[in-house]
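What's in coords.cif: mmCIF, C-alpha atoms and all ligand atoms
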```
data_upload
#
loop_
_atom_site.label_atom_id
_atom_site.label_comp_id
_atom_site.auth_asym_id
_atom_site.auth_seq_id
_atom_site.Cartn_x
_atom_site.Cartn_y
_atom_site.Cartn_z
CA MET I 128 129.04 91.52 118.56
CA LYS I 129 128.74 95.29 119.15
CA ILE I 130 132.02 97.08 118.58
CA LEU I 131 132.60 100.72 119.50
CA ALA I 132 135.70 102.18 117.85
CA ASP I 133 137.57 105.48 117.68
CA GLU I 134 136.71 106.89 114.26
CA ASN I 135 140.38 107.68 113.55
CA MET I 136 141.57 104.09 113.72
CA ALA I 137 142.96 102.69 110.47
CA SER I 138 141.33 99.92 108.42
CA LEU I 139 138.26 99.61 110.65
CA ASP I 140 136.01 98.30 107.89
CA PRO I 141 138.29 95.69 106.31
CA LEU I 142 139.33 94.37 109.70
CA PHE I 143 136.24 94.56 111.89
CA ALA I 144 133.07 94.94 109.78
CA ASP I 145 132.69 91.15 109.40
CA LEU I 146 132.88 90.62 113.15
CA GLY I 147 129.76 92.58 114.08
CA GLU I 148 128.20 96.02 114.16
CA VAL I 149 130.89 98.71 114.24
CA ARG I 150 129.98 102.12 115.65
CA ARG I 151 132.49 104.95 115.29
CA LEU I 152 132.92 107.97 117.56
CA PRO I 153 135.56 110.67 118.04
CA GLY I 154 138.01 109.24 120.62
CA ARG I 155 137.89 112.15 123.04
CA ALA I 156 134.06 112.07 123.03
CA ILE I 157 133.61 108.40 123.97
CA GLY I 158 131.84 108.38 127.35
CA PRO I 159 129.66 106.30 129.70
CA GLN I 160 126.58 107.12 127.60
CA ASP I 161 128.02 105.14 124.67
CA LEU I 162 128.92 101.86 126.33
CA GLN I 163 125.73 100.25 127.66
CA ASP I 164 125.56 97.36 125.15
CA VAL I 165 129.14 97.39 123.81
CA ASP I 166 131.05 94.06 123.71
CA ALA I 167 134.37 95.32 122.34
CA LEU I 168 135.87 98.79 122.72
CA LEU I 169 138.67 99.85 120.36
CA VAL I 170 140.45 103.04 121.40
CA ARG I 171 143.53 105.21 120.91
CA SER I 172 145.47 107.19 123.50
CA VAL I 173 142.90 110.00 123.65
CA THR I 174 140.15 107.88 125.25
CA LYS I 175 140.63 107.54 129.02
CA VAL I 176 139.36 104.07 129.91
CA THR I 177 138.69 104.80 133.59
CA PRO I 178 136.96 102.66 136.25
CA GLU I 179 133.95 105.03 135.86
CA LEU I 180 133.78 104.38 132.11
CA LEU I 181 134.00 100.62 132.69
CA ALA I 182 131.23 100.78 135.28
CA ALA I 183 128.91 102.00 132.50
CA ALA I 184 129.79 99.02 130.27
CA PRO I 185 128.14 95.90 131.73
CA ALA I 186 128.53 93.84 128.52
CA LEU I 187 132.15 94.76 127.83
CA LYS I 188 134.44 91.76 127.22
CA PHE I 189 137.37 93.26 125.30
CA VAL I 190 139.28 96.54 125.24
CA GLY I 191 141.99 97.12 122.63
CA THR I 192 144.12 100.22 122.26
CA ALA I 193 145.84 100.67 118.89
CA THR I 194 148.79 102.31 120.64
CA ILE I 195 152.02 101.33 122.34
CA GLY I 196 151.33 103.37 125.49
CA THR I 197 148.82 102.10 128.05
CA ASP I 198 148.76 104.99 130.52
CA HIS I 199 145.17 105.83 129.44
CA LEU I 200 143.85 102.40 130.50
CA ALA I 201 142.75 101.49 134.06
CA ILE I 202 144.44 98.10 133.80
CA GLU I 203 143.70 97.00 137.37
CA ALA I 204 139.98 97.71 136.90
CA LEU I 205 139.97 95.83 133.57
CA GLU I 206 141.63 92.82 135.15
CA GLN I 207 139.36 92.88 138.21
CA ARG I 208 136.36 92.75 135.86
CA GLY I 209 137.94 89.96 133.81
CA ILE I 210 137.79 92.12 130.67
CA ARG I 211 140.42 91.00 128.14
CA TRP I 212 142.59 93.87 127.03
CA THR I 213 145.51 94.49 124.72
CA ASN I 214 147.69 97.27 123.41
CA ALA I 215 149.75 97.17 120.21
CA PRO I 216 153.41 96.87 121.28
CA GLY I 217 155.82 98.19 118.70
CA CYS I 218 153.12 99.00 116.12
CA ASN I 219 154.43 102.50 115.41
CA ALA I 220 158.05 102.15 116.60
CA ASP I 221 159.45 102.59 113.07
CA ALA I 222 157.50 105.82 112.66
CA VAL I 223 158.98 107.11 115.93
CA GLY I 224 162.48 106.07 114.81
CA GLU I 225 161.99 107.98 111.55
CA TYR I 226 160.57 111.05 113.33
CA VAL I 227 163.49 111.23 115.78
CA LEU I 228 166.09 110.74 113.03
CA GLN I 229 164.55 113.59 111.02
CA ALA I 230 164.37 115.82 114.11
CA LEU I 231 168.06 115.19 114.82
CA LEU I 232 169.03 115.92 111.20
CA ILE I 233 167.06 119.18 111.29
CA LEU I 234 168.92 120.23 114.45
CA ALA I 235 172.27 119.12 112.97
CA VAL I 236 171.73 121.23 109.85
CA LYS I 237 170.35 124.19 111.82
CA THR I 238 173.27 124.25 114.27
CA CYS I 239 175.91 123.28 111.66
CA LYS I 240 176.98 120.33 113.82
CA PRO I 241 177.29 117.01 111.98
CA LEU I 242 175.09 114.39 113.62
CA ALA I 243 177.97 111.90 113.58
CA GLY I 244 179.93 114.18 115.90
CA GLN I 245 177.29 114.16 118.66
CA THR I 246 177.26 111.86 121.67
CA ILE I 247 173.70 110.60 121.71
CA GLY I 248 171.96 109.08 124.72
CA LEU I 249 168.73 107.09 124.59
CA VAL I 250 166.54 106.70 127.68
CA GLY I 251 164.39 103.58 127.31
CA LEU I 252 165.53 100.83 124.93
CA GLY I 253 162.27 99.09 124.15
CA ASN I 254 160.62 99.19 120.74
CA THR I 255 160.87 102.91 120.01
CA GLY I 256 164.29 103.50 121.60
CA SER I 257 165.66 100.53 119.67
CA ALA I 258 164.12 101.87 116.45
CA VAL I 259 166.08 105.10 116.96
CA GLN I 260 169.25 103.19 117.82
CA LYS I 261 168.91 101.08 114.65
CA ARG I 262 168.70 104.16 112.43
CA LEU I 263 171.62 105.89 114.12
CA SER I 264 173.74 102.79 113.88
CA ALA I 265 172.89 102.63 110.13
CA LEU I 266 174.71 105.99 109.99
CA GLY I 267 177.62 104.59 112.00
CA ILE I 268 176.60 106.44 115.17
CA GLU I 269 176.86 104.56 118.48
CA VAL I 270 174.61 105.57 121.36
CA LEU I 271 174.80 105.51 125.15
CA ARG I 272 171.85 103.59 126.55
CA CYS I 273 169.95 104.01 129.81
CA ASP I 274 167.29 101.46 130.76
CA PRO I 275 167.50 100.30 134.39
CA PRO I 276 164.74 97.63 134.07
CA LYS I 277 166.51 96.08 131.06
CA GLN I 278 169.86 96.36 132.76
CA ARG I 279 168.49 94.54 135.83
CA SER I 280 167.01 91.84 133.60
CA GLY I 281 170.53 90.99 132.43
CA ALA I 282 170.22 92.35 128.85
CA ALA I 283 173.63 92.83 127.24
CA GLY I 284 175.21 96.23 128.02
CA PRO I 285 176.93 98.55 128.28
CA TRP I 286 174.32 100.47 130.26
CA PHE I 287 174.53 103.94 131.75
CA SER I 288 172.58 105.77 134.45
CA LEU I 289 170.48 108.80 133.57
CA ALA I 290 172.96 110.96 135.49
CA GLN I 291 175.79 109.62 133.30
CA LEU I 292 173.82 110.34 130.13
CA ILE I 293 173.10 113.87 131.26
CA GLU I 294 176.75 114.42 132.07
CA ARG I 295 178.12 112.95 128.84
CA CYS I 296 175.57 113.39 126.06
CA ASP I 297 175.09 116.20 123.55
CA VAL I 298 171.70 114.72 122.65
CA ILE I 299 169.16 112.95 124.86
CA SER I 300 166.10 111.27 123.40
CA LEU I 301 163.36 109.91 125.69
CA HIS I 302 161.60 106.59 124.98
CA VAL I 303 159.99 105.47 128.23
CA PRO I 304 156.38 104.74 129.14
CA LEU I 305 154.67 107.10 131.58
CA ILE I 306 155.04 105.32 134.94
CA THR I 307 153.85 107.00 138.13
CA ASP I 308 154.95 104.46 140.77
CA GLY I 309 157.25 101.50 141.43
CA ASP I 310 161.04 101.26 141.17
CA ASP I 311 161.47 103.21 137.93
CA PRO I 312 158.88 105.99 137.79
CA THR I 313 159.15 108.23 134.75
CA LEU I 314 156.74 111.00 135.74
CA ALA I 315 158.88 114.17 135.63
CA LEU I 316 161.96 111.98 135.05
CA LEU I 317 163.55 115.14 133.70
CA ASP I 318 162.84 117.57 136.51
CA GLU I 319 164.29 121.04 136.99
CA ALA I 320 167.48 119.75 138.62
CA ARG I 321 168.22 117.26 135.83
CA LEU I 322 167.24 119.70 133.07
CA GLY I 323 169.58 122.28 134.59
CA MET I 324 172.46 119.79 134.35
CA LEU I 325 172.11 119.16 130.60
CA LYS I 326 175.37 119.80 128.77
CA SER I 327 176.00 123.13 127.17
CA ASN I 328 174.24 123.25 123.73
CA ALA I 329 172.50 119.93 124.42
CA TRP I 330 169.50 118.78 122.36
CA LEU I 331 166.54 117.18 124.12
CA VAL I 332 163.99 115.10 122.21
CA ASN I 333 160.72 113.99 123.80
CA ALA I 334 158.56 111.70 121.67
CA CYS I 335 157.23 109.49 124.47
CA ARG I 336 154.86 111.21 126.92
CA GLY I 337 154.69 114.91 127.81
CA GLU I 338 154.64 114.23 131.55
CA VAL I 339 158.06 112.53 131.43
CA VAL I 340 159.52 116.07 131.35
CA ASP I 341 158.38 118.67 133.89
CA ASN I 342 157.07 121.20 131.33
CA ASP I 343 157.06 124.24 133.66
CA ALA I 344 160.61 123.43 134.71
CA LEU I 345 161.62 123.08 131.06
CA ILE I 346 160.18 126.53 130.32
CA ARG I 347 162.19 128.03 133.18
CA VAL I 348 165.41 126.21 132.30
CA LYS I 349 165.20 126.94 128.57
CA ALA I 350 164.43 130.62 129.28
CA ARG I 351 167.75 130.92 131.10
CA ARG I 352 169.57 128.39 128.85
CA PRO I 353 168.96 129.51 125.25
CA ASP I 354 171.81 127.18 124.24
CA LEU I 355 169.49 124.17 124.65
CA ARG I 356 167.63 122.80 121.62
CA LEU I 357 164.25 121.13 122.02
CA ALA I 358 162.32 118.76 119.77
CA LEU I 359 158.97 118.09 121.42
CA ASP I 360 156.18 115.91 120.07
CA VAL I 361 154.39 115.32 123.37
CA TRP I 362 153.19 117.74 126.02
CA GLU I 363 151.66 117.99 129.43
CA GLY I 364 148.00 118.94 129.11
CA GLU I 365 147.38 117.72 125.53
CA PRO I 366 145.52 118.89 123.50
CA ARG I 367 146.40 122.28 125.04
CA PRO I 368 150.19 122.40 125.35
CA LYS I 369 151.69 125.36 127.17
CA ALA I 370 152.13 128.13 124.59
CA ALA I 371 155.38 129.30 126.22
CA LEU I 372 156.94 125.87 125.73
CA VAL I 373 155.82 125.58 122.12
CA GLU I 374 157.45 128.93 121.48
CA LEU I 375 160.73 127.83 123.07
CA ALA I 376 160.90 124.55 121.14
CA ASP I 377 162.97 124.29 117.94
CA ILE I 378 160.68 121.53 116.67
CA ALA I 379 157.11 121.22 117.92
CA THR I 380 154.44 118.75 116.78
CA ALA I 381 151.08 117.39 117.92
CA HIS I 382 151.93 113.92 119.30
CA ILE I 383 152.38 112.52 115.81
CA ALA I 384 155.83 110.91 116.07
CA GLY I 385 154.23 107.49 115.81
CA TYR I 386 151.78 108.49 113.10
CA SER I 387 152.39 106.58 109.90
CA VAL I 388 149.87 104.78 107.74
CA GLU I 389 151.81 101.55 108.27
CA GLY I 390 151.98 102.05 112.06
CA LYS I 391 148.26 102.76 112.29
CA ILE I 392 147.40 99.67 110.24
CA ARG I 393 149.77 97.50 112.33
CA GLY I 394 148.00 98.74 115.48
CA SER I 395 144.57 97.80 114.09
CA GLN I 396 145.85 94.42 112.88
CA MET I 397 147.16 93.65 116.39
CA LEU I 398 143.76 94.44 117.91
CA HIS I 399 142.05 92.23 115.33
CA GLN I 400 144.40 89.35 116.18
CA ALA I 401 143.76 89.76 119.91
CA LEU I 402 140.00 90.01 119.44
CA VAL I 403 139.54 87.00 117.14
CA GLN I 404 142.15 84.81 118.89
CA GLY I 405 142.85 82.74 115.77
CA ARG I 406 139.20 82.19 114.79
CA CYS I 407 139.79 83.95 111.45
CA PRO I 408 142.87 85.27 109.64
CA THR I 409 143.94 88.91 109.97
CA PRO I 410 144.25 90.61 106.56
CA GLU I 411 147.87 91.28 105.52
CA MET I 412 149.52 94.71 105.51
CA ALA I 413 149.91 94.69 101.69
CA THR I 414 146.17 94.17 101.23
CA LEU I 415 145.24 96.90 103.70
CA LEU I 416 147.85 99.34 102.41
CA GLY I 417 147.14 99.03 98.68
CA ASP I 418 149.73 99.57 95.97
CA ASN I 419 150.80 103.18 96.38
CA ALA I 420 154.59 103.45 96.71
CA LEU I 421 156.24 106.81 95.96
CA PRO I 422 158.21 107.38 92.70
CA PRO I 423 161.85 106.11 92.90
CA ARG I 424 164.79 108.42 93.62
CA GLN I 425 168.32 108.11 92.22
CA LEU I 426 170.95 109.12 94.80
CA GLU I 427 174.32 110.88 94.58
CA ALA I 428 177.44 109.07 95.79
CA GLU I 429 178.01 111.28 98.84
CA LEU I 430 175.17 112.04 101.22
CA ASP I 431 175.80 114.56 104.01
CA ASP I 432 173.27 115.39 106.75
CA ALA I 433 171.53 117.97 104.53
CA ASP I 434 171.22 115.51 101.61
CA LEU I 435 169.84 112.79 103.84
CA LEU I 436 167.42 115.28 105.37
CA ALA I 437 166.24 116.31 101.88
CA LEU I 438 165.65 112.66 100.98
CA ILE I 439 163.69 112.03 104.18
CA ARG I 440 161.67 115.23 103.69
CA SER I 441 160.51 113.89 100.34
CA VAL I 442 158.66 111.20 102.31
CA TYR I 443 157.49 113.36 105.22
CA ASP I 444 158.38 116.97 105.97
CA LEU I 445 158.75 117.54 109.70
CA ALA I 446 159.82 121.18 109.34
CA GLU I 447 156.65 121.90 107.40
CA GLU I 448 154.58 120.08 110.04
CA ASP I 449 156.22 122.18 112.76
CA GLY I 450 155.02 125.36 111.01
CA LEU I 451 151.51 124.01 110.47
CA PHE I 452 151.29 122.95 114.12
CA ARG I 453 152.29 126.38 115.43
CA ALA I 454 149.79 128.06 113.09
CA ALA I 455 147.00 125.71 114.25
CA LEU I 456 147.36 126.51 117.96
CA PRO I 457 145.75 127.13 120.40
CA ASP I 458 142.74 125.06 119.24
CA GLY I 459 144.10 122.93 116.41
CA PHE I 460 146.10 120.20 118.18
CA ASP I 461 143.71 117.43 117.18
CA LYS I 462 143.28 118.91 113.69
CA ARG I 463 147.03 118.49 113.10
CA ARG I 464 146.84 114.89 114.34
CA GLN I 465 143.97 114.24 111.93
CA ALA I 466 145.96 115.85 109.11
CA ASN I 467 148.90 113.48 109.72
CA LEU I 468 147.05 110.27 109.03
CA ALA I 469 148.49 109.88 105.50
CA ARG I 470 152.20 109.94 106.38
CA ARG I 471 154.14 107.03 104.90
CA GLU I 472 157.21 105.31 106.33
CA PHE I 473 160.64 105.40 104.59
CA SER I 474 159.87 101.98 103.12
CA ALA I 475 157.34 103.64 100.78
CA LEU I 476 160.21 105.37 98.93
CA PRO I 477 162.19 103.21 96.48
CA VAL I 478 165.76 104.52 96.27
CA VAL I 479 168.45 103.68 93.73
CA PRO I 480 171.79 103.93 95.57
CA ALA I 481 175.06 105.09 94.03
CA THR I 482 177.27 102.58 95.86
CA SER I 483 176.88 99.24 97.60
CA LYS I 484 177.89 100.83 100.94
CA GLN I 485 175.10 103.37 100.48
CA ALA I 486 172.66 100.60 99.59
CA LYS I 487 173.35 98.91 102.93
CA MET I 488 172.99 102.14 104.87
CA LEU I 489 169.69 103.05 103.15
CA ALA I 490 168.28 99.55 103.65
CA ASN I 491 169.19 99.73 107.35
CA LEU I 492 167.44 103.11 107.58
CA GLY I 493 164.30 101.40 106.25
CA PHE I 494 164.16 102.60 102.62
CA THR I 495 163.26 100.18 99.83
CA VAL I 496 166.52 99.78 97.91
CA GLU I 497 166.23 99.11 94.17
CA GLU I 498 168.78 98.14 91.55
CA LYS I 499 169.41 100.60 88.70
CA ASN I 500 167.01 99.96 85.76
CA GLU I 501 167.85 100.32 82.04
CA HIS I 502 167.31 104.12 82.20
CA GLY I 503 169.85 104.42 85.03
CA ILE I 504 167.10 104.99 87.57
N1 LIG I 601 154.87 110.20 120.35
C1 LIG I 601 154.31 109.12 119.88
O1 LIG I 601 153.62 109.18 118.89
C2 LIG I 601 154.58 107.79 120.53
C3 LIG I 601 154.54 106.64 119.74
C4 LIG I 601 154.80 105.41 120.34
C5 LIG I 601 155.08 105.34 121.70
N2 LIG I 601 155.07 106.49 122.44
C6 LIG I 601 155.37 106.43 123.89
O2 LIG I 601 156.68 105.90 124.03
C7 LIG I 601 156.67 104.95 125.08
C8 LIG I 601 157.76 103.94 124.84
O3 LIG I 601 157.41 103.13 123.72
P1 LIG I 601 158.17 101.76 123.44
O4 LIG I 601 157.50 101.11 122.31
O5 LIG I 601 159.62 102.00 123.30
O6 LIG I 601 157.85 100.99 124.77
P2 LIG I 601 158.52 99.67 125.30
O7 LIG I 601 157.64 99.18 126.39
O8 LIG I 601 158.86 98.77 124.17
O9 LIG I 601 159.91 100.17 125.94
C9 LIG I 601 159.99 101.03 127.04
C10 LIG I 601 161.36 100.86 127.66
O10 LIG I 601 161.51 101.82 128.70
C11 LIG I 601 162.21 101.20 129.76
N3 LIG I 601 162.03 101.94 130.99
C12 LIG I 601 161.00 101.90 131.86
N4 LIG I 601 161.23 102.74 132.89
C13 LIG I 601 162.41 103.35 132.64
C14 LIG I 601 163.16 104.35 133.32
N5 LIG I 601 162.74 104.90 134.47
N6 LIG I 601 164.33 104.75 132.77
C15 LIG I 601 164.77 104.21 131.61
N7 LIG I 601 164.13 103.24 130.94
C16 LIG I 601 162.93 102.83 131.44
C17 LIG I 601 161.65 99.79 129.80
O11 LIG I 601 162.48 98.89 130.49
C18 LIG I 601 161.52 99.47 128.31
O12 LIG I 601 162.68 98.84 127.81
C19 LIG I 601 155.25 104.36 125.05
O13 LIG I 601 154.90 103.82 126.30
C20 LIG I 601 154.41 105.54 124.69
O14 LIG I 601 154.06 106.22 125.86
C21 LIG I 601 154.84 107.70 121.89
O1 LIG I 602 151.45 105.18 122.50
C1 LIG I 602 151.42 105.31 121.29
O2 LIG I 602 151.39 104.35 120.50
C2 LIG I 602 151.44 106.68 120.69
O3 LIG I 602 151.45 107.67 121.64
C3 LIG I 602 150.40 106.84 119.63
O4 LIG I 602 151.07 107.13 118.44
C4 LIG I 602 149.40 107.89 119.90
O5 LIG I 602 148.53 107.87 118.82
P1 LIG I 602 146.96 107.93 118.95
O6 LIG I 602 146.58 107.39 120.28
O7 LIG I 602 146.59 109.34 118.77
O8 LIG I 602 146.47 107.08 117.81
#
```
Since I need it in another form, could you write the structure as structure tokens?
Amino acid sequence: MKILADENMASLDPLFADLGEVRRLPGRAIGPQDLQDVDALLVRSVTKVTPELLAAAPALKFVGTATIGTDHLAIEALEQRGIRWTNAPGCNADAVGEYVLQALLILAVKTCKPLAGQTIGLVGLGNTGSAVQKRLSALGIEVLRCDPPKQRSGAAGPWFSLAQLIERCDVISLHVPLITDGDDPTLALLDEARLGMLKSNAWLVNACRGEVVDNDALIRVKARRPDLRLALDVWEGEPRPKAALVELADIATAHIAGYSVEGKIRGSQMLHQALVQGRCPTPEMATLLGDNALPPRQLEAELDDADLLALIRSVYDLAEEDGLFRAALPDGFDKRRQANLARREFSALPVVPATSKQAKMLANLGFTVEEKNEHGI
């Protein structure tokens, strides 16, 4: 079998080398010239799998994207050709949950407003939205949820409309796929009118797709509403985000919210499973990850937002990444993505809690909770 894969996918060798010949290319460079004899194509979000690309791939039988989003795949064309395809639902949801929690803590500390005092609204309650909700509820924070497709499917509420979230929430975090048609399109879901109605001093987080927020409108609204706070991981026109918007954002990163070693490996494992369809076992996470947990940390009894932020920053430092991203622009968007491939999830940090209540909270946040050892740590 001839496999063509994005060179930045995790665990390519241990997962796919035994299945055939694996050729690696930079994702943005994969084009019709590369696909003539390819049986299986493994991509990430940066490769646009268009009808034109598929037309140049007569032997293609399988396309896998190691991502949650599928907006870069021409799904109708794949299905018309009978090419099996899969994405990797939920693979990096924990990484997104951890990114958003850290972004909110940064804004809480910066604005001197305890996170627990904010009314937080989530738009989209699938894998990533739920990952954010889980972490906030570990801190005792309830959220208002907006997800019309879920609401219509009868999922347990309460549910709120987007208009209600905008009216009531101090914080809005977006977790929807990019959808351009149908009953619930999300293209420019936050347009100029809706952005203009955000509450005074509201925080807006976008870690789903840049096009879900009208970026030009956001520039205009933020320019006249300096009270708004923005945490933006995704942008219209990646890898060339609008410089004016980067400048106006409080936190800006290069579409890396879902980047964790664990999330990347999970994505590759899911593609392996879909490709082999049970013909051989998929190597376990522990084998692919290796034994490389971080040194344990003993915690104080009381943890405020700043303490929790410091703990989280010891795993991954979003404020530092924000600075590196700004310094890398205008050309370095993909360089920052490449540089984020070693980020670990909270579970890589063993923590020794001071109280049993804290132990529960830290476990629910995703940390590995350890008992005290004989040295008190
Ligand atoms: N920044 C990153 O690194 C990163 C990482 C992972 C995912 N993403 C993006 O986030 C998106 C969401 O990921 P997910 O895993 O939560 O997907 P998911 O499919 O599990 O959930 C999406 C949810 O959005 C809901 N939804 C759809 N249209 C809606 C609308 N108009 N209003 C409100 N809710 C709506 C759906 O009903 C669903 O529950 C992905 O499609 C991808 O584009 C970005
Ligand atoms: O949809 C997703 O899963 C994310 O946007 C994903 O994290 C993007 O990562 P990449 O395609 O660069 O691997």
Dig up all the protein and nucleic acid residues within 7 Å of (152.9, 112.6, 108.6) in the file frame, using all atoms listed in the file, and format them as a list in words.
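Those within range, by chain then number, are Tyr386, Ser387, Tyr443, Asn467, Leu468, Ala469, Arg470 and Arg471 of chain I.
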Using all atoms listed in the file, which residues of chain I come within 9 Å of ligand LIG 601 (chain I), and what is the closest atom pair for each, with the distance in Å to one decimal? Give it as JSON lines, sorted by chain and residue number.
```
{"residue": "I:Ser172", "atom": "CA", "partner": "I:LIG601", "partner_atom": "O14", "distance": 9.0}
{"residue": "I:Thr194", "atom": "CA", "partner": "I:LIG601", "partner_atom": "C4", "distance": 6.8}
{"residue": "I:Ile195", "atom": "CA", "partner": "I:LIG601", "partner_atom": "C5", "distance": 5.1}
{"residue": "I:Gly196", "atom": "CA", "partner": "I:LIG601", "partner_atom": "O13", "distance": 3.7}
{"residue": "I:Thr197", "atom": "CA", "partner": "I:LIG601", "partner_atom": "O13", "distance": 6.6}
{"residue": "I:Asp198", "atom": "CA", "partner": "I:LIG601", "partner_atom": "O14", "distance": 7.2}
{"residue": "I:Ala215", "atom": "CA", "partner": "I:LIG601", "partner_atom": "O4", "distance": 8.9}
{"residue": "I:Pro216", "atom": "CA", "partner": "I:LIG601", "partner_atom": "O4", "distance": 6.0}
{"residue": "I:Gly217", "atom": "CA", "partner": "I:LIG601", "partner_atom": "O4", "distance": 4.9}
{"residue": "I:Cys218", "atom": "CA", "partner": "I:LIG601", "partner_atom": "C4", "distance": 7.9}
{"residue": "I:Asn219", "atom": "CA", "partner": "I:LIG601", "partner_atom": "C4", "distance": 5.7}
{"residue": "I:Ala220", "atom": "CA", "partner": "I:LIG601", "partner_atom": "O4", "distance": 5.8}
{"residue": "I:Ala222", "atom": "CA", "partner": "I:LIG601", "partner_atom": "C3", "distance": 7.7}
{"residue": "I:Val223", "atom": "CA", "partner": "I:LIG601", "partner_atom": "C3", "distance": 5.9}
{"residue": "I:Leu249", "atom": "CA", "partner": "I:LIG601", "partner_atom": "C15", "distance": 8.6}
{"residue": "I:Val250", "atom": "CA", "partner": "I:LIG601", "partner_atom": "C15", "distance": 5.0}
{"residue": "I:Gly251", "atom": "CA", "partner": "I:LIG601", "partner_atom": "O10", "distance": 3.7}
{"residue": "I:Leu252", "atom": "CA", "partner": "I:LIG601", "partner_atom": "O12", "distance": 4.5}
{"residue": "I:Gly253", "atom": "CA", "partner": "I:LIG601", "partner_atom": "O9", "distance": 3.2}
{"residue": "I:Asn254", "atom": "CA", "partner": "I:LIG601", "partner_atom": "O8", "distance": 3.9}
{"residue": "I:Thr255", "atom": "CA", "partner": "I:LIG601", "partner_atom": "O5", "distance": 3.6}
{"residue": "I:Gly256", "atom": "CA", "partner": "I:LIG601", "partner_atom": "O5", "distance": 5.2}
{"residue": "I:Ser257", "atom": "CA", "partner": "I:LIG601", "partner_atom": "O5", "distance": 7.2}
{"residue": "I:Ala258", "atom": "CA", "partner": "I:LIG601", "partner_atom": "O5", "distance": 8.2}
{"residue": "I:Arg272", "atom": "CA", "partner": "I:LIG601", "partner_atom": "C15", "distance": 8.7}
{"residue": "I:Cys273", "atom": "CA", "partner": "I:LIG601", "partner_atom": "C15", "distance": 5.5}
{"residue": "I:Asp274", "atom": "CA", "partner": "I:LIG601", "partner_atom": "N7", "distance": 3.6}
{"residue": "I:Pro275", "atom": "CA", "partner": "I:LIG601", "partner_atom": "C15", "distance": 5.5}
{"residue": "I:Pro276", "atom": "CA", "partner": "I:LIG601", "partner_atom": "O11", "distance": 4.4}
{"residue": "I:Lys277", "atom": "CA", "partner": "I:LIG601", "partner_atom": "O11", "distance": 4.9}
{"residue": "I:Gln278", "atom": "CA", "partner": "I:LIG601", "partner_atom": "O11", "distance": 8.1}
{"residue": "I:Ser280", "atom": "CA", "partner": "I:LIG601", "partner_atom": "O11", "distance": 8.9}
{"residue": "I:Ser288", "atom": "CA", "partner": "I:LIG601", "partner_atom": "C15", "distance": 8.5}
{"residue": "I:Leu289", "atom": "CA", "partner": "I:LIG601", "partner_atom": "N6", "distance": 7.4}
{"residue": "I:Leu301", "atom": "CA", "partner": "I:LIG601", "partner_atom": "O2", "distance": 8.0}
{"residue": "I:His302", "atom": "CA", "partner": "I:LIG601", "partner_atom": "C8", "distance": 4.7}
{"residue": "I:Val303", "atom": "CA", "partner": "I:LIG601", "partner_atom": "O10", "distance": 4.0}
{"residue": "I:Pro304", "atom": "CA", "partner": "I:LIG601", "partner_atom": "O13", "distance": 3.3}
{"residue": "I:Leu305", "atom": "CA", "partner": "I:LIG601", "partner_atom": "O14", "distance": 5.8}
{"residue": "I:Ile306", "atom": "CA", "partner": "I:LIG601", "partner_atom": "N4", "distance": 7.0}
{"residue": "I:Asp310", "atom": "CA", "partner": "I:LIG601", "partner_atom": "N5", "distance": 7.8}
{"residue": "I:Asp311", "atom": "CA", "partner": "I:LIG601", "partner_atom": "N5", "distance": 4.1}
{"residue": "I:Pro312", "atom": "CA", "partner": "I:LIG601", "partner_atom": "N5", "distance": 5.2}
{"residue": "I:Thr313", "atom": "CA", "partner": "I:LIG601", "partner_atom": "N5", "distance": 4.9}
{"residue": "I:Leu314", "atom": "CA", "partner": "I:LIG601", "partner_atom": "N5", "distance": 8.7}
{"residue": "I:Leu316", "atom": "CA", "partner": "I:LIG601", "partner_atom": "N5", "distance": 7.1}
{"residue": "I:Asn333", "atom": "CA", "partner": "I:LIG601", "partner_atom": "N1", "distance": 7.8}
{"residue": "I:Ala334", "atom": "CA", "partner": "I:LIG601", "partner_atom": "N1", "distance": 4.2}
{"residue": "I:Cys335", "atom": "CA", "partner": "I:LIG601", "partner_atom": "C6", "distance": 3.6}
{"residue": "I:Arg336", "atom": "CA", "partner": "I:LIG601", "partner_atom": "O14", "distance": 5.2}
{"residue": "I:Gly337", "atom": "CA", "partner": "I:LIG601", "partner_atom": "N1", "distance": 8.8}
{"residue": "I:Leu359", "atom": "CA", "partner": "I:LIG601", "partner_atom": "N1", "distance": 9.0}
{"residue": "I:Asp360", "atom": "CA", "partner": "I:LIG601", "partner_atom": "N1", "distance": 5.9}
{"residue": "I:Val361", "atom": "CA", "partner": "I:LIG601", "partner_atom": "N1", "distance": 6.0}
{"residue": "I:Ala381", "atom": "CA", "partner": "I:LIG601", "partner_atom": "N1", "distance": 8.5}
{"residue": "I:His382", "atom": "CA", "partner": "I:LIG601", "partner_atom": "N1", "distance": 4.9}
{"residue": "I:Ile383", "atom": "CA", "partner": "I:LIG601", "partner_atom": "O1", "distance": 4.7}
{"residue": "I:Ala384", "atom": "CA", "partner": "I:LIG601", "partner_atom": "O1", "distance": 4.0}
{"residue": "I:Gly385", "atom": "CA", "partner": "I:LIG601", "partner_atom": "O1", "distance": 3.6}
{"residue": "I:Tyr386", "atom": "CA", "partner": "I:LIG601", "partner_atom": "O1", "distance": 6.1}
```
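Remark: for Glu374 in chain I, the closest of the candidate residues I:Arg151, I:His399, I:Arg356, I:Arg453 is I:Arg453 (distances computed over only C-alpha atoms).
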Which value, in Å to one decimal, gives the distance between CA of Leu242 in chain I and CA of Lys349 in chain I?
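Going from CA of Leu242 in chain I over to CA of Lys349 in chain I covers 21.9 Å.
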